[in-house]
>>> print(open('structure.cif').read())   # mmCIF, C-alpha atoms and all ligand atoms
data_data
#
loop_
_atom_site.label_atom_id
_atom_site.label_comp_id
_atom_site.auth_asym_id
_atom_site.auth_seq_id
_atom_site.Cartn_x
_atom_site.Cartn_y
_atom_site.Cartn_z
CA MET B 139 0.00 0.00 0.00
CA ALA B 140 1.29 3.49 -0.87
CA SER B 141 2.63 5.53 2.03
CA THR B 142 0.87 8.72 3.00
CA VAL B 143 2.43 12.04 3.96
CA LEU B 144 0.79 15.16 5.39
CA ILE B 145 2.63 18.31 4.34
CA LEU B 146 2.05 21.42 6.44
CA GLY B 147 2.64 24.56 4.39
CA ALA B 148 2.19 22.74 1.07
CA ALA B 149 1.58 25.98 -0.84
CA GLY B 150 4.92 27.41 0.31
CA ARG B 151 8.31 27.51 -1.41
CA ILE B 152 9.63 24.14 -0.28
CA GLY B 153 6.10 22.88 0.50
CA GLN B 154 5.03 22.84 -3.17
CA LEU B 155 8.13 20.96 -4.21
CA LEU B 156 7.79 18.52 -1.32
CA ALA B 157 4.20 17.76 -2.30
CA THR B 158 5.21 17.17 -5.92
CA ALA B 159 8.27 15.10 -5.02
CA PHE B 160 6.37 12.82 -2.63
CA ALA B 161 3.45 12.46 -5.07
CA ASP B 162 5.75 11.71 -8.02
CA ALA B 163 7.47 9.08 -5.88
CA GLY B 164 4.11 7.31 -5.45
CA TRP B 165 3.10 8.64 -2.04
CA SER B 166 -0.43 9.81 -1.25
CA VAL B 167 -0.04 13.45 -0.31
CA ARG B 168 -2.32 15.45 1.95
CA ALA B 169 -1.41 19.03 1.31
CA GLN B 170 -2.29 21.56 4.04
CA ALA B 171 -2.64 25.22 3.15
CA ARG B 172 -4.91 28.08 4.15
CA LYS B 173 -5.27 29.16 0.56
CA PRO B 174 -5.99 27.14 -2.60
CA LEU B 175 -3.05 25.10 -3.84
CA PRO B 176 -1.42 26.12 -7.13
CA THR B 177 -3.46 24.54 -9.94
CA ALA B 178 -0.85 22.04 -11.11
CA LEU B 179 -0.43 20.74 -7.59
CA ALA B 180 -4.16 20.59 -6.86
CA ARG B 181 -4.66 18.58 -10.07
CA HIS B 182 -1.99 16.01 -9.24
CA PRO B 183 -3.85 12.70 -8.91
CA ARG B 184 -2.06 11.78 -5.70
CA VAL B 185 -2.44 15.17 -3.98
CA GLN B 186 -5.40 15.83 -1.73
CA PRO B 187 -5.78 19.44 -0.53
CA VAL B 188 -6.32 19.97 3.20
CA ARG B 189 -7.70 23.49 3.57
CA CYS B 190 -7.37 24.60 7.18
CA ASP B 191 -5.23 26.72 9.45
CA ALA B 192 -1.91 25.17 10.44
CA THR B 193 -2.85 25.58 14.12
CA ASP B 194 -6.10 23.60 13.76
CA VAL B 195 -4.83 20.48 15.51
CA ALA B 196 -8.18 18.67 15.32
CA ALA B 197 -8.48 19.13 11.54
CA LEU B 198 -4.84 18.22 11.01
CA THR B 199 -5.07 15.14 13.22
CA ALA B 200 -8.00 13.97 11.09
CA ALA B 201 -5.96 14.68 7.96
CA ALA B 202 -3.01 12.73 9.38
CA GLN B 203 -5.04 9.53 9.81
CA GLY B 204 -3.04 6.72 8.21
CA ALA B 205 -0.07 8.97 7.39
CA SER B 206 3.37 7.60 8.18
CA THR B 207 4.99 11.01 7.86
CA ILE B 208 4.25 14.67 8.53
CA VAL B 209 6.48 17.41 7.13
CA ASN B 210 6.47 20.80 8.81
CA ALA B 211 7.26 23.22 5.97
CA LEU B 212 5.55 26.19 7.63
CA ASN B 213 7.20 29.55 7.85
CA PRO B 214 5.57 32.56 9.48
CA LEU B 215 6.45 35.97 8.12
CA TYR B 216 9.99 36.93 9.15
CA THR B 217 8.55 39.69 11.35
CA GLU B 218 6.14 37.26 13.04
CA TRP B 219 8.52 34.55 14.23
CA GLU B 220 8.47 35.71 17.85
CA ARG B 221 4.68 35.36 17.98
CA LEU B 222 3.98 32.43 15.66
CA ALA B 223 6.95 30.12 15.12
CA LEU B 224 6.56 28.14 18.34
CA PRO B 225 2.73 27.85 18.25
CA LEU B 226 2.94 26.56 14.66
CA ALA B 227 5.70 24.11 15.58
CA ASP B 228 3.75 22.98 18.66
CA ALA B 229 0.68 22.30 16.54
CA ALA B 230 2.74 20.11 14.18
CA LEU B 231 4.17 18.28 17.18
CA ALA B 232 0.72 17.73 18.68
CA VAL B 233 -0.49 16.22 15.39
CA ALA B 234 2.54 13.92 15.24
CA LYS B 235 1.91 12.87 18.84
CA ALA B 236 -1.75 12.10 18.13
CA SER B 237 -1.10 10.26 14.88
CA GLY B 238 2.13 8.37 15.57
CA ALA B 239 3.62 9.67 12.32
CA LEU B 240 7.26 10.62 11.85
CA LEU B 241 7.60 14.43 12.09
CA MET B 242 10.07 16.01 9.67
CA LEU B 243 11.16 19.65 9.90
CA VAL B 244 12.90 21.81 7.32
CA GLY B 245 15.72 23.19 9.45
CA ASN B 246 18.08 26.11 8.85
CA VAL B 247 21.50 27.19 10.10
CA TYR B 248 20.22 29.78 12.59
CA ASN B 249 20.61 27.36 15.53
CA PHE B 250 24.39 27.91 15.64
CA GLY B 251 24.20 31.61 16.41
CA ARG B 252 26.52 34.44 15.42
CA GLU B 253 29.79 32.59 15.98
CA LEU B 254 28.95 29.60 13.82
CA PRO B 255 32.05 27.59 12.83
CA PRO B 256 32.95 26.99 9.16
CA LEU B 257 31.76 23.37 9.11
CA LEU B 258 28.40 22.64 10.68
CA THR B 259 27.73 19.05 11.74
CA PRO B 260 24.65 17.75 13.55
CA ALA B 261 26.81 17.77 16.72
CA THR B 262 27.95 21.41 16.41
CA PRO B 263 27.00 23.23 19.64
CA GLU B 264 24.02 25.53 19.30
CA SER B 265 23.95 29.12 20.50
CA GLY B 266 20.90 31.26 21.13
CA ASP B 267 22.68 34.60 20.88
CA VAL B 268 20.24 35.88 18.23
CA PRO B 269 16.44 35.91 18.75
CA LYS B 270 15.75 33.73 15.69
CA ALA B 271 18.45 31.27 16.80
CA ARG B 272 16.72 30.94 20.18
CA ILE B 273 13.40 30.22 18.47
CA ARG B 274 14.85 27.53 16.19
CA ILE B 275 16.74 25.92 19.07
CA GLU B 276 13.54 25.76 21.10
CA MET B 277 11.52 24.32 18.17
CA GLU B 278 13.97 21.48 17.75
CA ALA B 279 14.43 20.96 21.50
CA ARG B 280 10.69 20.40 21.84
CA MET B 281 10.83 17.81 19.05
CA ALA B 282 13.74 16.07 20.76
CA ALA B 283 11.95 16.09 24.13
CA ALA B 284 8.84 14.55 22.57
CA ALA B 285 10.87 11.43 21.74
CA SER B 286 10.31 10.37 25.37
CA GLU B 287 6.56 10.40 24.59
CA GLY B 288 7.06 8.19 21.54
CA VAL B 289 7.30 10.89 18.84
CA ASP B 290 9.88 10.11 16.16
CA SER B 291 11.25 13.17 14.42
CA VAL B 292 13.97 14.29 12.08
CA VAL B 293 15.29 17.73 11.16
CA ILE B 294 16.89 18.15 7.74
CA ARG B 295 18.92 21.35 7.94
CA ALA B 296 19.71 23.34 4.82
CA GLY B 297 21.22 26.64 3.74
CA ASP B 298 19.55 29.48 1.82
CA PHE B 299 17.01 28.32 -0.74
CA PHE B 300 17.28 28.93 -4.47
CA GLY B 301 15.23 27.51 -7.33
CA GLY B 302 11.60 26.51 -7.05
CA PRO B 303 8.37 28.48 -6.91
CA GLY B 304 7.61 31.83 -5.36
CA THR B 305 9.85 34.69 -4.45
CA GLY B 306 11.30 36.11 -1.26
CA THR B 307 14.69 34.41 -1.03
CA TRP B 308 18.06 36.16 -1.08
CA PHE B 309 18.64 34.64 -4.50
CA ASP B 310 15.56 36.05 -6.17
CA MET B 311 15.26 39.31 -4.19
CA ALA B 312 18.91 40.45 -4.15
CA LEU B 313 21.23 38.39 -6.31
CA ALA B 314 19.35 37.69 -9.52
CA PRO B 315 17.01 40.60 -10.39
CA LYS B 316 19.67 42.96 -11.81
CA ILE B 317 21.56 40.38 -13.85
CA GLY B 318 20.06 42.02 -16.93
CA GLN B 319 21.84 45.23 -15.90
CA GLY B 320 25.13 43.38 -15.52
CA LYS B 321 25.24 43.12 -11.74
CA ILE B 322 24.43 40.93 -8.82
CA THR B 323 23.71 42.45 -5.45
CA TYR B 324 25.48 40.49 -2.75
CA PRO B 325 24.59 40.84 0.95
CA GLY B 326 28.07 40.21 2.38
CA ASN B 327 31.71 39.40 1.89
CA PRO B 328 31.87 37.76 -1.58
CA ARG B 329 35.03 35.84 -0.71
CA ILE B 330 33.57 33.67 2.06
CA ALA B 331 31.62 30.44 1.69
CA HIS B 332 27.85 30.40 2.12
CA ALA B 333 25.51 27.38 2.20
CA TRP B 334 22.81 27.21 -0.49
CA ALA B 335 20.09 24.61 -1.03
CA TYR B 336 18.68 23.99 -4.49
CA LEU B 337 15.06 23.33 -3.59
CA PRO B 338 14.23 20.42 -5.95
CA ASP B 339 17.23 18.53 -4.52
CA LEU B 340 16.18 19.28 -0.96
CA ALA B 341 12.62 18.09 -1.66
CA GLN B 342 13.91 14.83 -3.14
CA THR B 343 16.09 14.38 -0.08
CA PHE B 344 13.04 14.58 2.20
CA VAL B 345 11.42 11.77 0.21
CA ARG B 346 14.55 9.64 0.39
CA VAL B 347 14.81 10.14 4.16
CA ALA B 348 11.09 9.46 4.69
CA GLU B 349 11.56 6.19 2.81
CA GLN B 350 13.89 5.16 5.64
CA ARG B 351 11.06 5.42 8.19
CA ALA B 352 11.94 2.04 9.72
CA GLN B 353 15.37 3.39 10.74
CA LEU B 354 14.15 6.68 12.14
CA HIS B 355 13.49 6.36 15.83
CA GLY B 356 13.73 9.06 18.49
CA HIS B 357 15.03 12.44 17.32
CA GLN B 358 17.61 12.84 14.58
CA ARG B 359 19.28 15.77 12.84
CA LEU B 360 20.68 15.55 9.34
CA HIS B 361 22.51 18.16 7.31
CA PHE B 362 21.89 18.74 3.61
CA ALA B 363 25.08 20.20 2.12
CA GLY B 364 23.62 21.58 -1.12
CA HIS B 365 26.01 23.99 -2.84
CA THR B 366 28.66 25.79 -0.79
CA LEU B 367 29.62 28.92 -2.72
CA THR B 368 31.33 32.22 -2.26
CA GLY B 369 29.76 35.28 -3.86
CA GLU B 370 32.56 35.17 -6.42
CA ASP B 371 31.79 31.51 -7.23
CA LEU B 372 28.18 32.51 -7.82
CA LYS B 373 29.17 35.45 -9.99
CA TRP B 374 31.38 33.24 -12.21
CA ALA B 375 28.68 30.57 -12.47
CA LEU B 376 26.04 33.17 -13.35
CA GLU B 377 28.38 34.73 -15.92
CA ALA B 378 28.81 31.33 -17.53
CA GLN B 379 25.04 30.88 -17.62
CA THR B 380 24.09 34.29 -18.91
CA GLY B 381 27.09 34.94 -21.16
CA ARG B 382 27.41 38.35 -19.52
CA THR B 383 30.14 39.98 -17.49
CA LEU B 384 28.69 40.68 -14.07
CA ARG B 385 29.93 42.90 -11.30
CA ILE B 386 29.17 42.42 -7.63
CA SER B 387 27.53 45.36 -5.91
CA ASN B 388 27.10 45.40 -2.15
CA LEU B 389 23.73 45.39 -0.48
CA PRO B 390 23.37 48.87 1.07
CA TRP B 391 23.34 47.73 4.69
CA THR B 392 23.87 51.30 5.94
CA ILE B 393 20.55 52.37 4.42
CA ILE B 394 18.91 49.24 5.79
CA ARG B 395 20.27 50.04 9.27
CA LEU B 396 19.15 53.69 9.13
CA ALA B 397 15.65 52.75 7.97
CA SER B 398 15.28 49.72 10.23
CA PRO B 399 13.49 51.59 13.08
CA PHE B 400 10.65 52.22 10.61
CA MET B 401 10.88 49.01 8.56
CA PRO B 402 10.28 45.89 10.68
CA MET B 403 11.38 43.51 7.92
CA TRP B 404 14.68 45.36 7.44
CA ARG B 405 15.22 45.25 11.20
CA GLU B 406 14.86 41.47 11.07
CA LEU B 407 17.21 41.16 8.10
CA LEU B 408 19.80 43.19 9.97
CA THR B 409 19.81 40.71 12.86
CA MET B 410 20.79 37.93 10.41
CA ARG B 411 23.47 39.88 8.51
CA TYR B 412 26.23 37.94 10.26
CA LEU B 413 25.44 34.88 8.11
CA TRP B 414 26.98 36.74 5.17
CA GLU B 415 30.15 37.53 7.11
CA ARG B 416 30.82 34.05 8.55
CA PRO B 417 31.94 31.26 6.22
CA HIS B 418 29.83 28.17 6.71
CA ALA B 419 29.09 24.84 5.09
CA LEU B 420 26.93 21.89 6.12
CA ASP B 421 28.47 18.46 6.64
CA ASP B 422 26.14 15.81 5.18
CA SER B 423 28.00 12.68 6.37
CA ALA B 424 25.11 11.48 8.54
CA LEU B 425 22.63 12.05 5.71
CA ARG B 426 24.80 10.07 3.28
CA THR B 427 25.10 7.23 5.79
CA LEU B 428 21.31 7.03 5.88
CA ILE B 429 20.36 7.42 2.19
CA GLY B 430 23.58 6.99 0.18
CA ASP B 431 24.05 9.49 -2.64
CA VAL B 432 22.26 12.75 -1.87
CA PRO B 433 20.22 14.38 -4.69
CA HIS B 434 22.52 17.02 -6.15
CA THR B 435 21.86 18.92 -9.37
CA PRO B 436 25.10 20.32 -10.82
CA LEU B 437 25.34 24.07 -10.24
CA PRO B 438 25.10 25.17 -13.91
CA GLN B 439 21.90 23.19 -14.40
CA ALA B 440 20.44 24.34 -11.07
CA LEU B 441 21.19 28.01 -11.82
CA ARG B 442 19.85 27.72 -15.35
CA THR B 443 16.54 26.35 -14.05
CA ALA B 444 16.38 28.93 -11.26
CA LEU B 445 16.92 31.77 -13.74
CA VAL B 446 14.29 30.42 -16.13
CA GLU B 447 11.80 30.26 -13.25
CA LEU B 448 12.50 33.94 -12.57
CA ASP B 449 12.05 34.70 -16.26
CA LEU B 450 15.76 35.46 -16.37
CA PRO B 451 17.10 32.74 -18.64
CA ALA B 452 20.61 32.75 -20.08
CA GLY B 453 21.45 34.26 -23.45
CA THR B 454 18.34 35.11 -25.41
CA SER B 455 15.99 35.41 -22.46
CA SER B 456 12.98 37.65 -22.54
CA LYS B 457 14.03 39.86 -19.61
CA LEU B 458 17.73 39.85 -20.46
CA ALA B 459 16.96 40.69 -24.04
CA ARG B 460 14.71 43.56 -22.91
CA ALA B 461 17.24 44.89 -20.37
N1 LIG B 501 13.72 30.31 2.79
C1 LIG B 501 14.93 29.81 3.01
O1 LIG B 501 15.93 30.21 2.40
C2 LIG B 501 15.09 28.67 4.01
C3 LIG B 501 16.33 28.06 4.17
C4 LIG B 501 16.46 26.98 5.07
C5 LIG B 501 15.35 26.54 5.79
N2 LIG B 501 14.16 27.19 5.62
C6 LIG B 501 13.03 26.72 6.41
O2 LIG B 501 12.11 26.01 5.58
C7 LIG B 501 10.80 26.13 6.13
C8 LIG B 501 9.85 26.56 5.02
O3 LIG B 501 10.32 27.77 4.46
P1 LIG B 501 9.72 28.37 3.09
O4 LIG B 501 10.61 29.48 2.71
O5 LIG B 501 9.45 27.26 2.15
O6 LIG B 501 8.33 28.92 3.61
P2 LIG B 501 7.29 29.97 2.98
O7 LIG B 501 7.06 29.67 1.57
O8 LIG B 501 7.71 31.35 3.36
O9 LIG B 501 5.98 29.66 3.87
C9 LIG B 501 5.46 28.34 3.96
C10 LIG B 501 4.03 28.39 4.38
O10 LIG B 501 3.91 28.77 5.75
C11 LIG B 501 2.55 29.12 5.94
N3 LIG B 501 2.37 30.17 6.92
C12 LIG B 501 2.98 31.35 6.96
N4 LIG B 501 2.48 32.08 7.99
C13 LIG B 501 1.53 31.33 8.58
C14 LIG B 501 0.64 31.53 9.66
N5 LIG B 501 0.62 32.69 10.35
N6 LIG B 501 -0.22 30.56 9.98
C15 LIG B 501 -0.22 29.40 9.29
N7 LIG B 501 0.58 29.16 8.22
C16 LIG B 501 1.45 30.12 7.90
C17 LIG B 501 2.02 29.62 4.59
O11 LIG B 501 0.90 28.82 4.32
P3 LIG B 501 -0.45 29.31 3.61
O12 LIG B 501 -0.25 28.78 2.22
O13 LIG B 501 -1.48 28.60 4.39
O14 LIG B 501 -0.51 30.80 3.66
C18 LIG B 501 3.17 29.39 3.63
O15 LIG B 501 2.80 28.86 2.38
C19 LIG B 501 10.91 27.10 7.30
O16 LIG B 501 11.06 26.38 8.50
C20 LIG B 501 12.21 27.83 7.01
O17 LIG B 501 12.84 28.37 8.15
C21 LIG B 501 14.00 28.22 4.76
#
>>> encode(input="structure.cif", output="structure tokens")
Amino acid sequence: MASTVLILGAAGRIGQLLATAFADAGWSVRAQARKPLPTALARHPRVQPVRCDATDVAALTAAAQGASTIVNALNPLYTEWERLALPLADAALAVAKASGALLMLVGNVYNFGRELPPLLTPATPESGDVPKARIRIEMEARMAAAASEGVDSVVIRAGDFFGGPGTGTWFDMALAPKIGQGKITYPGNPRIAHAWAYLPDLAQTFVRVAEQRAQLHGHQRLHFAGHTLTGEDLKWALEAQTGRTLRISNLPWTIIRLASPFMPMWRELLTMRYLWERPHALDDSALRTLIGDVPHTPLPQALRTALVELDLPAGTSSKLARA
């Protein structure tokens, strides 16, 4: 019998790709969202929309009946984490507790705080020296603690997203939009390494890990390495894709700092600026031990697809040609 997964936040950036990846792999997918799913997803024969709020534990517990896996792909607005991140995570945990399903979380690198070391392993000490780090540490600590009540859970931690649907990532908001004008806007030191996750690869990785359900007991943390790139690496790769010479311009952090008292989102971005000044990469040894080869699209192909999705294809693209 096909396995069933409940995806929380299925209309989101990674959520849409998770729903498609699980469904294409033969799983029955229950896809939670407050709004209608994108048409292609809603029409997938193995995807069943679950239209409710992500804090509606009763509705979600009903939707999780018979599911072996629940994926928490929720993400409150950046300015709302303080108020909503833990209640949303608690709701997901309550549903996992009630249903007996494996709870999977899309993790990020915030847990390691401002002084994060260059290589992040699942055993790297965490540090709550930034508000968003404290929130992520607490989310995962609650998952770990629930193991004593029989909840199995796994965090798959990844770097900054690129590729896939929607907008709102550093890649599509800062780096890519001005390629047509011959520049990429980079938020930090372009000579230090930064962890990136190509979303289709990350979604496939969730499926591959979920397929190992029988081995996943208690609480586990796995790191998805993705692509570790400096800003200069990205510039060269984008030049190769677009056939254009690109220059790196710096994100105007001074303006962002000056305006931050009046711009809540900019204030939040400022608190995470350190991630662009600290080299970091994710060590995926534990992930490889569990699933073998990790899905990994070569960078040129991943960038090409990401640019096409942004209507910024290489060479003869519509937007580049117009620019
Ligand atoms: N973005 C990155 O670069 C990145 C990198 C590493 C890890 N992550 C992690 O990956 C996870 C998913 O991130 P994402 O960027 O894919 O998320 P996203 O697209 O920003 O949001 C996912 C979904 O969260 C739901 N949501 C937002 N606010 C909500 C609220 N107040 N109540 C209920 N649902 C709410 C929305 O569902 P509706 O459709 O119902 O509105 C939305 O579609 C997060 O844990 C994030 O920290 C992100």
>>> residues_around(input="structure.cif", residues="Ala261 of chain B", least_positions_apart="6", cutoff="12 Å", atoms="only C-alpha atoms", output="list in words")
Asn249, Phe250, Pro255, Gln358, Arg359, Leu360, His361, Leu420, Asp421, Asp422, Ser423 and Ala424 of chain B
>>> atom_distance(input="structure.cif", atom1="atom CA of Arg252 of chain B", atom2="atom CA of Ala440 of chain B")
29.0 Å
>>> atom_distance(input="structure.cif", atom1="atom CA of Trp374 of chain B", atom2="atom CA of Leu441 of chain B")
11.5 Å
>>> residues_near_point(input="structure.cif", point="(5.3, 45.1, 15.7)", cutoff="12 Å", atoms="all atoms listed in the file", output="PyMOL selection string")
chain B and resi 215-221+399-403+405-406
>>> residues_around(input="structure.cif", residues="segment 222-234 of chain B", least_positions_apart="5", cutoff="8 Å", atoms="all atoms listed in the file", output="list in words")
Leu146, Ala192, Thr193, Asp194, Val195, Leu198, Thr199, Ala202, Ile208, Asn210, Leu212, Asn213, Pro214, Ala239, Leu240, Leu241, Ile273, Glu276, Met277, Met281 and Val289 of chain B
>>> closest_atom_pairs(input="structure.cif", of="chain B", to="ligand LIG 501 (chain B)", cutoff="7 Å", atoms="all atoms listed in the file", output="tab-separated table")
residue	atom	partner	partner_atom	distance
B:Gly147	CA	B:LIG501	C10	4.1
B:Ala148	CA	B:LIG501	O15	6.3
B:Ala149	CA	B:LIG501	O15	4.5
B:Gly150	CA	B:LIG501	O15	3.3
B:Arg151	CA	B:LIG501	O5	3.7
B:Ile152	CA	B:LIG501	O5	4.0
B:Gly153	CA	B:LIG501	O5	5.8
B:Ala171	CA	B:LIG501	O13	3.8
B:Arg172	CA	B:LIG501	O13	3.5
B:Lys173	CA	B:LIG501	O12	5.3
B:Asp191	CA	B:LIG501	C15	5.7
B:Ala192	CA	B:LIG501	C15	4.7
B:Thr193	CA	B:LIG501	C15	6.7
B:Ala211	CA	B:LIG501	C8	4.3
B:Leu212	CA	B:LIG501	O10	3.6
B:Asn213	CA	B:LIG501	O10	4.0
B:Pro214	CA	B:LIG501	N4	3.5
B:Leu215	CA	B:LIG501	N4	5.6
B:Leu222	CA	B:LIG501	N5	6.3
B:Leu226	CA	B:LIG501	C15	6.8
B:Leu243	CA	B:LIG501	O16	6.9
B:Val244	CA	B:LIG501	O2	4.6
B:Gly245	CA	B:LIG501	C5	5.0
B:Asn246	CA	B:LIG501	C5	4.1
B:Arg295	CA	B:LIG501	C5	6.7
B:Ala296	CA	B:LIG501	C4	4.9
B:Gly297	CA	B:LIG501	C4	5.0
B:Asp298	CA	B:LIG501	O1	3.7
B:Phe299	CA	B:LIG501	O1	3.8
B:Thr307	CA	B:LIG501	O1	5.6
>>> closest_residue(input="structure.cif", among="B:Ala285, B:Val247, B:Met242, B:Ile317", to="Pro260 of chain B", atoms="only C-alpha atoms")
B:Val247
>>> atom_distance(input="structure.cif", atom1="atom CA of Gln154 of chain B", atom2="atom CA of Leu425 of chain B")
22.5 Å
>>> build_atoms(input="structure.cif", residues="segment 426-438 of chain B", atoms="N, CA and C atoms", output="mmCIF file, in the coordinates of the input")
data_model
loop_
_atom_site.group_PDB
_atom_site.id
_atom_site.type_symbol
_atom_site.label_atom_id
_atom_site.label_comp_id
_atom_site.auth_asym_id
_atom_site.auth_seq_id
_atom_site.Cartn_x
_atom_site.Cartn_y
_atom_site.Cartn_z
ATOM 1 N N ARG B 426 24.322 11.037 4.274
ATOM 2 C CA ARG B 426 24.800 10.070 3.280
ATOM 3 C C ARG B 426 24.818 8.655 3.868
ATOM 4 N N THR B 427 25.125 8.558 5.159
ATOM 5 C CA THR B 427 25.100 7.230 5.790
ATOM 6 C C THR B 427 23.683 6.651 5.735
ATOM 7 N N LEU B 428 22.697 7.513 5.874
ATOM 8 C CA LEU B 428 21.310 7.030 5.880
ATOM 9 C C LEU B 428 20.791 6.713 4.480
ATOM 10 N N ILE B 429 21.040 7.607 3.504
ATOM 11 C CA ILE B 429 20.360 7.420 2.190
ATOM 12 C C ILE B 429 21.325 7.158 1.040
ATOM 13 N N GLY B 430 22.634 7.150 1.294
ATOM 14 C CA GLY B 430 23.580 6.990 0.180
ATOM 15 C C GLY B 430 23.743 8.310 -0.555
ATOM 16 N N ASP B 431 23.844 8.256 -1.870
ATOM 17 C CA ASP B 431 24.050 9.490 -2.640
ATOM 18 C C ASP B 431 22.906 10.476 -2.389
ATOM 19 N N VAL B 432 23.266 11.725 -2.154
ATOM 20 C CA VAL B 432 22.260 12.750 -1.870
ATOM 21 C C VAL B 432 21.898 13.444 -3.193
ATOM 22 N N PRO B 433 20.598 13.672 -3.455
ATOM 23 C CA PRO B 433 20.220 14.380 -4.690
ATOM 24 C C PRO B 433 21.012 15.678 -4.829
ATOM 25 N N HIS B 434 21.643 15.859 -5.981
ATOM 26 C CA HIS B 434 22.520 17.020 -6.150
ATOM 27 C C HIS B 434 22.564 17.406 -7.632
ATOM 28 N N THR B 435 21.839 18.427 -7.993
ATOM 29 C CA THR B 435 21.860 18.920 -9.370
ATOM 30 C C THR B 435 23.128 19.753 -9.550
ATOM 31 N N PRO B 436 23.901 19.499 -10.608
ATOM 32 C CA PRO B 436 25.100 20.320 -10.820
ATOM 33 C C PRO B 436 24.730 21.806 -10.873
ATOM 34 N N LEU B 437 25.649 22.642 -10.379
ATOM 35 C CA LEU B 437 25.340 24.070 -10.240
ATOM 36 C C LEU B 437 24.883 24.723 -11.561
ATOM 37 N N PRO B 438 25.558 24.494 -12.690
ATOM 38 C CA PRO B 438 25.100 25.170 -13.910
ATOM 39 C C PRO B 438 23.638 24.856 -14.227
#
